[in-house]
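*Asks:* The file below is structure-v5.txt, compact mmCIF, C-alpha atoms and all ligand atoms:
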```txt
# COMPACT_ATOMS: atom_id res chain seq x y z
CA MET J 1 -11.25 -21.98 7.86
CA THR J 2 -10.15 -24.90 5.77
CA GLU J 3 -6.63 -25.40 4.62
CA GLY J 4 -5.34 -23.35 1.70
CA GLY J 5 -7.32 -20.20 2.38
CA GLU J 6 -10.74 -21.55 1.34
CA PRO J 7 -13.48 -19.30 2.72
CA GLU J 8 -15.76 -20.65 5.37
CA PRO J 9 -19.06 -21.87 3.86
CA ALA J 10 -22.02 -19.59 4.47
CA ALA J 11 -23.90 -22.25 6.45
CA SER J 12 -21.08 -22.65 8.94
CA LEU J 13 -20.73 -18.89 9.26
CA ARG J 14 -24.46 -18.60 9.99
CA ARG J 15 -24.20 -21.31 12.61
CA ARG J 16 -21.24 -19.74 14.34
CA LEU J 17 -22.44 -16.14 14.36
CA GLY J 18 -26.18 -16.70 14.55
CA THR J 19 -28.68 -15.59 11.90
CA ARG J 20 -30.05 -12.81 14.09
CA LEU J 21 -26.74 -10.99 14.11
CA LEU J 22 -26.24 -11.44 10.38
CA ARG J 23 -29.74 -10.15 9.63
CA ARG J 24 -29.06 -7.14 11.82
CA ALA J 25 -25.78 -6.52 9.98
CA HIS J 26 -27.56 -6.67 6.66
CA ARG J 27 -30.22 -4.24 7.80
CA GLY J 28 -27.49 -1.94 9.12
CA LEU J 29 -25.75 -1.89 5.78
CA ASP J 30 -29.03 -1.20 3.95
CA ALA J 31 -29.81 1.63 6.33
CA VAL J 32 -26.46 3.42 6.05
CA SER J 33 -26.36 2.85 2.27
CA ALA J 34 -29.81 4.41 1.96
CA ARG J 35 -28.43 7.53 3.61
CA ARG J 36 -26.16 7.73 0.58
CA SER J 37 -23.40 9.41 2.48
CA SER J 38 -20.07 8.64 3.90
CA ALA J 39 -21.11 9.00 7.48
CA GLY J 40 -18.80 10.52 10.04
CA ALA J 41 -17.66 8.62 13.07
CA PRO J 42 -20.59 6.69 14.51
CA THR J 43 -20.33 8.13 18.01
CA ARG J 44 -21.65 4.97 19.67
CA GLY J 45 -19.20 2.81 17.82
CA LEU J 46 -19.51 0.31 15.07
CA ALA J 47 -19.28 -3.44 14.53
CA LEU J 48 -18.28 -5.17 11.31
CA THR J 49 -19.19 -8.81 10.85
CA GLY J 50 -18.69 -11.69 8.44
CA THR J 51 -15.52 -13.64 7.84
CA VAL J 52 -12.87 -11.74 9.80
CA TRP J 53 -9.18 -11.73 8.89
CA THR J 54 -7.26 -9.72 11.48
CA GLY J 55 -4.06 -9.66 9.42
CA GLY J 56 -0.54 -10.91 9.99
CA ASP J 57 -0.36 -14.69 10.21
CA SER J 58 -3.92 -15.10 11.48
CA GLU J 59 -6.46 -17.28 9.71
CA PRO J 60 -9.84 -15.97 8.49
CA GLU J 61 -12.72 -16.94 10.80
CA ALA J 62 -16.39 -16.10 11.35
CA GLY J 63 -16.47 -13.13 13.68
CA VAL J 64 -17.25 -9.55 14.68
CA VAL J 65 -14.90 -6.58 15.13
CA VAL J 66 -16.15 -3.79 17.40
CA PHE J 67 -14.78 -0.24 17.05
CA ASP J 68 -15.41 2.71 19.36
CA GLY J 69 -16.19 6.19 18.05
CA ALA J 70 -12.48 7.03 17.81
CA GLY J 71 -11.71 4.03 15.61
CA ILE J 72 -10.03 1.99 18.35
CA VAL J 73 -10.74 -1.75 18.23
CA ARG J 74 -12.65 -2.56 21.43
CA ALA J 75 -13.33 -6.26 20.85
CA ILE J 76 -12.82 -9.06 18.37
CA HIS J 77 -15.30 -11.90 18.77
CA LEU J 78 -14.44 -14.94 16.73
CA GLY J 79 -17.21 -17.48 16.14
CA GLU J 80 -18.96 -17.29 19.48
CA ARG J 81 -22.42 -15.85 18.77
CA PRO J 82 -21.58 -12.59 20.50
CA SER J 83 -24.30 -10.47 22.02
CA LEU J 84 -23.79 -6.83 21.12
CA PRO J 85 -25.39 -3.72 22.67
CA HIS J 86 -28.58 -3.06 20.74
CA GLU J 87 -27.65 0.57 19.96
CA LEU J 88 -24.45 -0.50 18.21
CA LEU J 89 -24.46 -0.12 14.42
CA VAL J 90 -23.59 -3.52 12.88
CA LEU J 91 -22.61 -3.85 9.23
CA GLY J 92 -21.80 -6.91 7.17
CA GLY J 93 -23.39 -10.21 6.28
CA VAL J 94 -22.91 -13.85 5.53
CA ASN J 95 -20.75 -13.27 2.43
CA HIS J 96 -18.89 -10.26 3.78
CA TRP J 97 -15.26 -10.16 4.83
CA VAL J 98 -13.65 -7.81 7.36
CA VAL J 99 -9.97 -7.20 6.60
CA PRO J 100 -7.29 -4.55 7.21
CA GLY J 101 -7.03 -1.82 4.55
CA ILE J 102 -4.34 -1.88 1.87
CA VAL J 103 -1.27 0.37 1.61
CA ASP J 104 0.30 1.11 -1.81
CA ALA J 105 4.03 1.62 -1.24
CA HIS J 106 4.75 3.08 -4.70
CA VAL J 107 2.58 5.74 -6.32
CA HIS J 108 3.07 9.00 -8.19
CA LEU J 109 0.32 11.32 -7.04
CA GLY J 110 1.34 13.80 -9.73
CA PHE J 111 -0.60 11.44 -11.99
CA ASP J 112 -3.60 10.99 -9.69
CA PRO J 113 -6.68 12.30 -11.55
CA GLY J 114 -8.15 13.36 -8.19
CA LEU J 115 -5.46 16.04 -7.79
CA ASP J 116 -4.80 19.14 -9.85
CA GLU J 117 -1.44 20.62 -10.94
CA GLY J 118 -1.32 22.82 -7.88
CA GLY J 119 -1.61 19.76 -5.64
CA SER J 120 -5.17 20.41 -4.46
CA GLY J 121 -8.00 17.96 -4.67
CA THR J 122 -8.54 14.54 -3.14
CA VAL J 123 -6.01 11.72 -3.18
CA SER J 124 -7.84 8.80 -4.80
CA GLY J 125 -8.35 5.30 -3.55
CA LEU J 126 -9.88 5.25 -0.07
CA ARG J 127 -13.19 4.02 -1.45
CA THR J 128 -11.46 0.94 -2.84
CA GLY J 129 -10.03 0.11 0.58
CA LEU J 130 -6.69 1.85 -0.01
CA VAL J 131 -5.85 3.39 3.37
CA GLY J 132 -2.28 4.55 2.73
CA VAL J 133 -0.03 5.50 -0.18
CA ARG J 134 3.63 6.38 -0.50
CA ASP J 135 4.64 8.80 -3.22
CA LEU J 136 8.07 7.95 -4.64
CA GLY J 137 8.84 10.96 -6.78
CA ALA J 138 7.27 14.41 -6.91
CA PRO J 139 8.35 18.04 -6.69
CA LEU J 140 8.85 19.09 -3.08
CA ARG J 141 6.15 21.79 -3.26
CA LEU J 142 3.55 19.12 -4.18
CA ALA J 143 4.84 16.50 -1.75
CA GLY J 144 4.51 19.06 1.05
CA ILE J 145 0.86 19.62 0.21
CA TRP J 146 -0.06 15.93 0.01
CA GLN J 147 1.86 14.58 3.00
CA THR J 148 -0.24 13.53 5.99
CA GLY J 149 2.62 13.77 8.48
CA ARG J 150 1.47 13.21 12.04
CA HIS J 151 -2.05 14.50 11.48
CA LYS J 152 -5.17 12.60 10.55
CA PRO J 153 -5.67 12.36 6.77
CA PRO J 154 -8.50 14.53 5.44
CA ARG J 155 -11.90 12.84 5.12
CA ASP J 156 -12.15 10.23 2.37
CA THR J 157 -8.42 10.11 1.71
CA PRO J 158 -5.67 7.63 2.49
CA PHE J 159 -2.60 8.43 4.60
CA VAL J 160 0.14 9.91 2.36
CA ALA J 161 3.91 9.55 2.82
CA ALA J 162 6.21 11.25 0.30
CA ALA J 163 9.85 11.06 -0.73
CA GLY J 164 9.84 14.39 -2.57
CA PRO J 165 12.07 14.59 -5.66
CA VAL J 166 13.98 11.63 -7.06
CA LEU J 167 17.74 12.06 -6.52
CA THR J 168 19.76 11.26 -9.63
CA ALA J 169 22.97 12.11 -11.53
CA PRO J 170 22.98 15.40 -13.49
CA GLY J 171 20.84 14.74 -16.57
CA GLY J 172 19.93 11.30 -15.24
CA TYR J 173 16.62 9.45 -15.05
CA PRO J 174 13.88 10.65 -14.72
CA ALA J 175 14.96 14.22 -15.56
CA GLN J 176 14.90 13.51 -19.29
CA SER J 177 11.63 11.63 -19.32
CA TRP J 178 8.56 11.90 -17.10
CA GLY J 179 10.37 13.81 -14.36
CA ALA J 180 11.46 16.85 -16.35
CA SER J 181 9.47 19.44 -14.38
CA GLY J 182 10.88 19.32 -10.86
CA TYR J 183 10.49 15.58 -10.24
CA ALA J 184 14.27 15.08 -10.07
CA GLU J 185 17.13 16.77 -8.22
CA PHE J 186 20.76 16.28 -9.20
CA LEU J 187 23.59 14.82 -7.17
CA THR J 188 26.95 16.27 -8.23
CA GLY J 189 29.30 14.75 -5.64
CA PRO J 190 29.43 13.27 -2.12
CA ALA J 191 29.59 16.61 -0.28
CA GLN J 192 26.75 18.14 -2.28
CA ALA J 193 24.78 14.89 -1.87
CA ARG J 194 25.08 15.24 1.92
CA SER J 195 23.78 18.79 1.94
CA LEU J 196 20.97 17.96 -0.48
CA VAL J 197 19.75 15.13 1.76
CA GLN J 198 20.02 17.41 4.81
CA ARG J 199 17.90 20.03 3.05
CA LEU J 200 15.25 17.47 2.08
CA ALA J 201 15.18 16.17 5.65
CA ALA J 202 14.74 19.73 6.93
CA ASP J 203 11.90 20.16 4.44
CA GLY J 204 10.19 17.19 6.05
CA VAL J 205 10.31 14.37 3.48
CA ASP J 206 9.32 10.97 4.89
CA LEU J 207 12.13 9.09 3.13
CA ILE J 208 14.73 9.50 0.37
CA LYS J 209 14.43 8.08 -3.16
CA ILE J 210 17.45 7.64 -5.41
CA ALA J 211 17.42 6.52 -9.07
CA LEU J 212 20.06 4.20 -10.54
CA GLU J 213 18.69 3.96 -14.07
CA PRO J 214 20.96 3.99 -17.14
CA GLY J 215 18.01 3.17 -19.42
CA SER J 216 18.73 1.91 -22.91
CA VAL J 217 20.57 5.10 -23.87
CA GLY J 218 23.12 5.25 -21.07
CA TRP J 219 21.75 8.02 -18.86
CA PRO J 220 24.27 9.05 -16.17
CA VAL J 221 23.83 7.25 -12.84
CA PRO J 222 25.04 8.31 -9.35
CA THR J 223 28.47 6.83 -8.61
CA PRO J 224 28.98 4.42 -5.69
CA ASP J 225 30.57 7.10 -3.45
CA VAL J 226 27.61 9.43 -4.08
CA VAL J 227 25.07 6.69 -3.35
CA ALA J 228 26.95 5.86 -0.14
CA ALA J 229 26.96 9.55 0.90
CA VAL J 230 23.18 9.75 0.33
CA VAL J 231 22.54 6.61 2.37
CA GLN J 232 24.85 7.52 5.26
CA THR J 233 23.47 11.04 5.55
CA ALA J 234 19.86 9.84 5.37
CA HIS J 235 20.47 7.19 8.00
CA ASN J 236 22.16 9.72 10.31
CA LEU J 237 19.01 11.82 10.01
CA GLY J 238 16.72 8.86 10.68
CA LEU J 239 15.47 8.55 7.10
CA SER J 240 15.39 5.39 4.99
CA VAL J 241 16.50 5.24 1.36
CA VAL J 242 14.57 3.59 -1.44
CA ALA J 243 16.44 2.92 -4.69
CA HIS J 244 15.10 2.58 -8.19
CA ALA J 245 17.38 -0.17 -9.57
CA LEU J 246 16.23 -2.64 -12.19
CA THR J 247 19.41 -4.29 -13.43
CA GLN J 248 21.83 -6.67 -11.76
CA ASP J 249 24.62 -4.01 -11.71
CA MET J 250 22.44 -1.27 -10.31
CA VAL J 251 20.86 -3.53 -7.70
CA ARG J 252 24.36 -4.51 -6.58
CA ARG J 253 25.33 -0.82 -6.34
CA ALA J 254 22.24 -0.14 -4.21
CA VAL J 255 22.89 -3.10 -1.91
CA GLU J 256 26.57 -2.21 -1.48
CA ALA J 257 25.67 1.35 -0.49
CA GLY J 258 23.29 0.02 2.19
CA VAL J 259 19.94 1.24 0.82
CA ASP J 260 16.91 0.02 2.76
CA GLU J 261 14.47 -0.83 -0.02
CA LEU J 262 14.15 -1.31 -3.75
CA ALA J 263 11.31 0.66 -5.33
CA HIS J 264 10.56 -2.10 -7.84
CA THR J 265 11.06 -5.77 -8.42
CA PRO J 266 14.16 -5.69 -10.67
CA THR J 267 13.39 -6.46 -14.32
CA GLU J 268 16.76 -7.97 -15.25
CA ARG J 269 17.07 -11.53 -14.04
CA LEU J 270 19.10 -11.56 -10.80
CA SER J 271 21.69 -14.19 -9.98
CA GLU J 272 21.11 -16.57 -7.09
CA ALA J 273 24.06 -14.98 -5.27
CA LEU J 274 22.59 -11.50 -5.53
CA ILE J 275 19.19 -12.69 -4.36
CA GLU J 276 20.86 -14.31 -1.34
CA ARG J 277 22.70 -11.07 -0.68
CA ILE J 278 19.47 -9.04 -0.83
CA ALA J 279 17.87 -11.45 1.61
CA ALA J 280 20.86 -11.39 3.96
CA SER J 281 20.97 -7.58 4.01
CA GLY J 282 17.32 -7.33 5.07
CA LEU J 283 16.28 -5.21 2.09
CA SER J 284 12.60 -5.14 1.26
CA ILE J 285 11.19 -4.48 -2.19
CA THR J 286 8.01 -3.03 -3.63
CA SER J 287 6.32 -5.20 -6.23
CA THR J 288 5.08 -2.98 -9.14
CA LEU J 289 4.68 -6.20 -11.17
CA GLN J 290 1.44 -5.46 -12.99
CA THR J 291 2.72 -2.28 -14.63
CA PHE J 292 5.77 -4.22 -15.85
CA PHE J 293 3.44 -6.80 -17.39
CA SER J 294 1.38 -4.01 -18.94
CA GLY J 295 4.60 -2.60 -20.42
CA GLY J 296 5.79 -5.99 -21.68
CA ALA J 297 8.62 -6.56 -19.15
CA GLY J 298 6.76 -8.63 -16.59
CA ARG J 299 8.17 -12.10 -17.02
CA GLU J 300 11.69 -11.49 -15.71
CA ALA J 301 10.38 -9.35 -12.88
CA ALA J 302 7.91 -12.06 -11.90
CA ALA J 303 10.65 -14.69 -11.93
CA ASN J 304 12.77 -12.44 -9.68
CA ALA J 305 9.81 -11.88 -7.37
CA THR J 306 9.33 -15.64 -7.04
CA ASP J 307 13.01 -16.13 -6.14
CA LEU J 308 13.01 -13.18 -3.74
CA VAL J 309 9.90 -14.50 -1.94
CA ALA J 310 11.45 -17.97 -1.75
CA ALA J 311 14.60 -16.42 -0.23
CA GLY J 312 12.48 -14.76 2.46
CA VAL J 313 12.62 -11.16 1.19
CA ARG J 314 9.64 -9.04 2.25
CA ILE J 315 7.66 -7.61 -0.62
CA HIS J 316 5.43 -4.55 -0.27
CA TYR J 317 2.41 -4.12 -2.49
CA GLY J 318 2.97 -1.25 -4.93
CA THR J 319 1.43 -0.29 -8.25
CA ASP J 320 3.60 2.61 -9.50
CA LEU J 321 0.43 4.62 -10.13
CA GLY J 322 1.04 6.91 -13.10
CA ASN J 323 2.82 4.27 -15.16
CA THR J 324 1.60 2.03 -17.95
CA GLY J 325 -1.72 0.34 -17.31
CA THR J 326 -2.23 1.73 -13.79
CA HIS J 327 -5.31 3.33 -12.30
CA PRO J 328 -6.01 4.78 -8.85
CA GLY J 329 -7.15 2.54 -6.02
CA VAL J 330 -6.45 -1.05 -5.05
CA ASP J 331 -5.45 -3.11 -8.09
CA PRO J 332 -6.62 -6.74 -7.77
CA ARG J 333 -4.22 -7.67 -10.59
CA GLU J 334 -1.21 -6.59 -8.51
CA LEU J 335 -2.52 -8.70 -5.61
CA ASP J 336 -2.69 -11.68 -7.92
CA ARG J 337 0.83 -11.04 -9.21
CA LEU J 338 1.99 -11.20 -5.58
CA ALA J 339 -0.03 -14.36 -5.00
CA ASP J 340 1.57 -15.93 -8.07
CA ALA J 341 5.06 -15.03 -6.80
CA GLY J 342 4.57 -17.74 -4.19
CA LEU J 343 2.69 -15.87 -1.47
CA GLY J 344 -0.75 -17.24 -2.31
CA ARG J 345 -3.80 -15.00 -2.05
CA LEU J 346 -3.76 -14.73 1.75
CA GLY J 347 -0.01 -14.09 1.69
CA ALA J 348 -0.53 -11.37 -0.94
CA LEU J 349 -3.03 -9.68 1.37
CA ARG J 350 -0.52 -9.83 4.19
CA ALA J 351 2.10 -8.21 1.92
CA ALA J 352 -0.37 -5.46 0.97
CA THR J 353 -1.45 -4.79 4.56
CA GLU J 354 1.04 -5.64 7.33
CA TRP J 355 4.20 -5.56 5.21
CA SER J 356 3.27 -2.46 3.18
CA SER J 357 2.33 -0.66 6.39
CA ALA J 358 5.92 -1.25 7.56
CA ALA J 359 7.39 0.37 4.42
CA ALA J 360 9.66 3.33 5.18
CA GLY J 361 7.76 6.56 5.76
CA ILE J 362 4.31 5.05 6.41
CA ARG J 363 2.89 6.07 9.79
CA SER J 364 -0.33 5.34 11.69
CA ARG J 365 -1.02 2.16 9.75
CA SER J 366 -0.27 -1.35 11.02
CA GLY J 367 -2.15 -3.54 8.57
CA LEU J 368 -3.43 -5.45 11.61
CA ILE J 369 -6.72 -5.46 13.50
CA ARG J 370 -5.82 -5.71 17.19
CA VAL J 371 -7.80 -5.01 20.36
CA GLY J 372 -6.87 -1.70 21.96
CA GLN J 373 -5.25 -0.32 18.82
CA PRO J 374 -6.50 2.05 16.15
CA ALA J 375 -7.15 0.07 12.99
CA THR J 376 -8.32 0.57 9.47
CA ALA J 377 -10.77 -2.08 8.37
CA VAL J 378 -12.51 -2.72 5.09
CA LEU J 379 -15.82 -4.54 4.71
CA LEU J 380 -15.72 -6.45 1.43
CA PRO J 381 -18.92 -7.86 -0.12
CA SER J 382 -17.31 -11.22 -0.89
CA SER J 383 -14.18 -13.23 -0.29
CA PRO J 384 -10.97 -11.55 -1.53
CA LEU J 385 -9.40 -15.02 -1.60
CA THR J 386 -11.95 -16.39 -4.03
CA GLU J 387 -12.11 -13.17 -6.02
CA PRO J 388 -9.56 -10.36 -5.51
CA GLY J 389 -11.91 -8.19 -7.61
CA ALA J 390 -13.90 -7.80 -4.36
CA TRP J 391 -11.58 -4.83 -3.77
CA ARG J 392 -13.28 -2.99 -6.62
CA THR J 393 -16.52 -2.74 -4.65
CA PRO J 394 -15.97 -2.58 -0.87
CA SER J 395 -19.13 -1.96 1.15
CA ALA J 396 -17.55 0.19 3.85
CA ILE J 397 -14.21 1.46 5.09
CA CYS J 398 -13.47 2.30 8.70
CA SER J 399 -10.33 4.41 9.02
CA ASP J 400 -9.06 7.15 11.33
CA GLY J 401 -12.28 6.99 13.34
CA ARG J 402 -14.46 7.61 10.31
CA LEU J 403 -16.86 5.36 8.48
CA THR J 404 -17.05 5.60 4.70
CA VAL J 405 -19.92 3.72 3.14
CA VAL J 406 -19.70 3.07 -0.56
CA THR J 407 -23.22 3.26 -1.88
CA ALA J 408 -22.74 2.75 -5.61
CA PRO J 409 -20.37 0.45 -7.49
CA LEU J 410 -17.14 2.28 -8.28
CA ARG J 411 -16.50 3.21 -11.84
CA LEU J 412 -12.84 3.08 -12.75
CA PRO J 413 -11.52 5.96 -14.82
CA ALA J 414 -10.20 5.24 -18.29
CA GLU J 415 -6.57 4.25 -18.46
CA ARG J 416 -4.17 7.16 -18.64
CA PRO J 417 -1.51 7.30 -21.32
CA THR J 418 2.04 6.37 -20.43
CA THR J 419 4.12 9.27 -19.22
ZN ZN J 501 7.72 5.00 -9.79
```
For the file at hand, write its structure as structure tokens.

*Replies:*
Amino acid sequence: MTEGGEPEPAASLRRRLGTRLLRRAHRGLDAVSARRSSAGAPTRGLALTGTVWTGGDSEPEAGVVVFDGAGIVRAIHLGERPSLPHELLVLGGVNHWVVPGIVDAHVHLGFDPGLDEGGSGTVSGLRTGLVGVRDLGAPLRLAGIWQTGRHKPPRDTPFVAAAGPVLTAPGGYPAQSWGASGYAEFLTGPAQARSLVQRLAADGVDLIKIALEPGSVGWPVPTPDVVAAVVQTAHNLGLSVVAHALTQDMVRRAVEAGVDELAHTPTERLSEALIERIAASGLSITSTLQTFFSGGAGREAAANATDLVAAGVRIHYGTDLGNTGTHPGVDPRELDRLADAGLGRLGALRAATEWSSAAAGIRSRSGLIRVGQPATAVLLPSSPLTEPGAWRTPSAICSDGRLTVVTAPLRLPAERPTT
């Protein structure tokens, strides 16, 4: 690994891993691709090879990651010409990268084309290397169907956490726009707010989402005492609170009430003092930068993201699937927006893996590849640092003890209209 995230040249990778291993990995990939199926768990285990990035603050290096049949990492060999049992399936190659899967901390599965209105179908994205999603606004009946909870996600789907309905003031956002049909529930006062949060907790939501959005027409917004009641009750029940707050005033209201996360990078330019306050209070935020650019409001948000990153605030990767310009699966453009905010391409990957996995409500994902631990790993056909578009065509995904081999290039669905 050279400085600045440059991928290791192929010749050096060949030298360090040995051409025999790489040829075997290539043959392995050809063989499983020819079967044209997403295989189940290879009972004898599986090895992925190429340039390996184990996540966190590690550096990418030539290597091999060995998984057992249950998806537990049994060994990580970095640049040492490892000898592997001959019955072990090895996948990868000289240009391949092995990296943790990505978690999208802000989606709306109600707008996922893989799911129908009743909530059945398949949550999209696993085949792009998306191993977890967090829904931040949906009717409770749908959230309950999609949520993974403590079980294993169904085959070919990411882990799903869900906030259930967005809590808002009576008649507030999003009840008069995209959230008219059960996507919002109203907060009428502190006492009612407490019982509403208790009911949602009893119904099993993974976190609480509150909207502080006056819009351009002055929609009603929950008052500070109501926001505080929501946060205190949620915290007493062990749930975190994510706030939709885009303006300086609303961000301040969220911070003062003690919310844990912001659902978006704010779009109104934040003062230095407020950015310092966000950093000091340990709040994390979810990026959703690309959809703001697609909607024409990206510049201020990007400037805020840069300042927040510089102040040490943790940013989760999030697309706001369902909004302008979004489509299911990993979005390389969002990764590049994060890179541009000062994280660089490797830092953006860390935000989308380790940091997003730590977002409230996400379980059974660490965003790290560590010996002895279950891990999700994605085999990319080329360097995601040179070309984030590599996420459009992963070769294989190993998650929850299952191997998914992508045999044909993914075709992205046409863009959906704004809701
Ligand atoms: Zn959203």

*Asks:* Which residues form the shell of 8 Å around ligand ZN 501 (chain J) when you count only C-alpha atoms and all ligand atoms, given as a ChimeraX atom specification?

*Replies:* /J:106-108,136-137,244,263-264,320-323

*Asks:* Taking 5 positions as the minimum chain separation for residues in the same chain, which residues sit within 10 Å of region 340-349 of chain J when counting all atoms listed in the file? Answer as a ChimeraX atom specification.

*Replies:* /J:4-6,53,55-60,99-102,287,289,301-310,315-317,334-335,354-356,367,384-388

*Asks:* Tell me, counting only C-alpha atoms, for each residue of region 207-286 of chain J within 12 Å of region 138-147 of chain J, which pair of atoms is nearest and how far apart they are in Å to one decimal, in rows ordered by chain and increasing number, as JSON lines.

*Replies:*
```
{"residue": "J:Leu207", "atom": "CA", "partner": "J:Ala143", "partner_atom": "CA", "distance": 11.5}
{"residue": "J:Ile208", "atom": "CA", "partner": "J:Ala138", "partner_atom": "CA", "distance": 11.5}
{"residue": "J:Lys209", "atom": "CA", "partner": "J:Ala138", "partner_atom": "CA", "distance": 10.3}
```

*Asks:* Could you pull out every residue with an atom within 8 Å of (21.6, 5.5, -1.4), file coordinates, counting only C-alpha atoms, and send them as a VMD selection string?

*Replies:* chain J and resid 209 to 210 226 to 232 241 to 243 254 257 to 259

*Asks:* Looking at all atoms listed in the file, which of J:Leu22, J:Ala359, J:Val217, J:Ala280 is the one that sits closest to Ser83 (chain J)?

*Replies:*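 Closest candidate: J:Leu22.
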
*Asks:* Could you tell me how far CA of Ala163 (chain J) lies from CA of Thr288 (chain J), in Å and to one decimal?

*Replies:*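 So the two atoms, CA of Ala163 (chain J) and CA of Thr288 (chain J), lie 17.0 Å apart.
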
*Asks:* Quick one: residues within 9 Å of region 91-97 of chain J, only C-alpha atoms, excluding same-chain residues fewer than 4 positions away - as a ChimeraX atom specification?

*Replies:* /J:9-11,13-14,19,21-30,32,46-53,60,62,378-384,395-396

*Asks:* Write out N, CA and C atoms for region 141-153 of chain J, as an mmCIF file, in the frame of the given file.

*Replies:*
```cif
data_model
loop_
_atom_site.group_PDB
_atom_site.id
_atom_site.type_symbol
_atom_site.label_atom_id
_atom_site.label_comp_id
_atom_site.auth_asym_id
_atom_site.auth_seq_id
_atom_site.Cartn_x
_atom_site.Cartn_y
_atom_site.Cartn_z
ATOM 1 N N ARG J 141 7.303 20.931 -3.589
ATOM 2 C CA ARG J 141 6.150 21.790 -3.260
ATOM 3 C C ARG J 141 4.854 20.975 -3.258
ATOM 4 N N LEU J 142 4.753 19.965 -4.150
ATOM 5 C CA LEU J 142 3.550 19.120 -4.180
ATOM 6 C C LEU J 142 3.567 18.120 -3.030
ATOM 7 N N ALA J 143 4.729 17.489 -2.823
ATOM 8 C CA ALA J 143 4.840 16.500 -1.750
ATOM 9 C C ALA J 143 4.410 17.127 -0.423
ATOM 10 N N GLY J 144 4.838 18.372 -0.195
ATOM 11 C CA GLY J 144 4.510 19.060 1.050
ATOM 12 C C GLY J 144 3.017 19.270 1.230
ATOM 13 N N ILE J 145 2.318 19.435 0.128
ATOM 14 C CA ILE J 145 0.860 19.620 0.210
ATOM 15 C C ILE J 145 0.165 18.295 0.511
ATOM 16 N N TRP J 146 0.636 17.220 -0.117
ATOM 17 C CA TRP J 146 -0.060 15.930 0.010
ATOM 18 C C TRP J 146 0.228 15.203 1.317
ATOM 19 N N GLN J 147 1.430 15.377 1.844
ATOM 20 C CA GLN J 147 1.860 14.580 3.000
ATOM 21 C C GLN J 147 0.891 14.691 4.179
ATOM 22 N N THR J 148 0.621 13.551 4.805
ATOM 23 C CA THR J 148 -0.240 13.530 5.990
ATOM 24 C C THR J 148 0.547 13.912 7.239
ATOM 25 N N GLY J 149 1.817 13.520 7.286
ATOM 26 C CA GLY J 149 2.620 13.770 8.480
ATOM 27 C C GLY J 149 2.018 13.102 9.698
ATOM 28 N N ARG J 150 1.980 13.811 10.807
ATOM 29 C CA ARG J 150 1.470 13.210 12.040
ATOM 30 C C ARG J 150 0.005 13.534 12.272
ATOM 31 N N HIS J 151 -0.630 14.179 11.317
ATOM 32 C CA HIS J 151 -2.050 14.500 11.480
ATOM 33 C C HIS J 151 -2.909 13.375 10.935
ATOM 34 N N LYS J 152 -4.206 13.521 11.120
ATOM 35 C CA LYS J 152 -5.170 12.600 10.550
ATOM 36 C C LYS J 152 -5.336 12.962 9.073
ATOM 37 N N PRO J 153 -5.423 11.990 8.174
ATOM 38 C CA PRO J 153 -5.670 12.360 6.770
ATOM 39 C C PRO J 153 -7.021 13.060 6.645
#
```
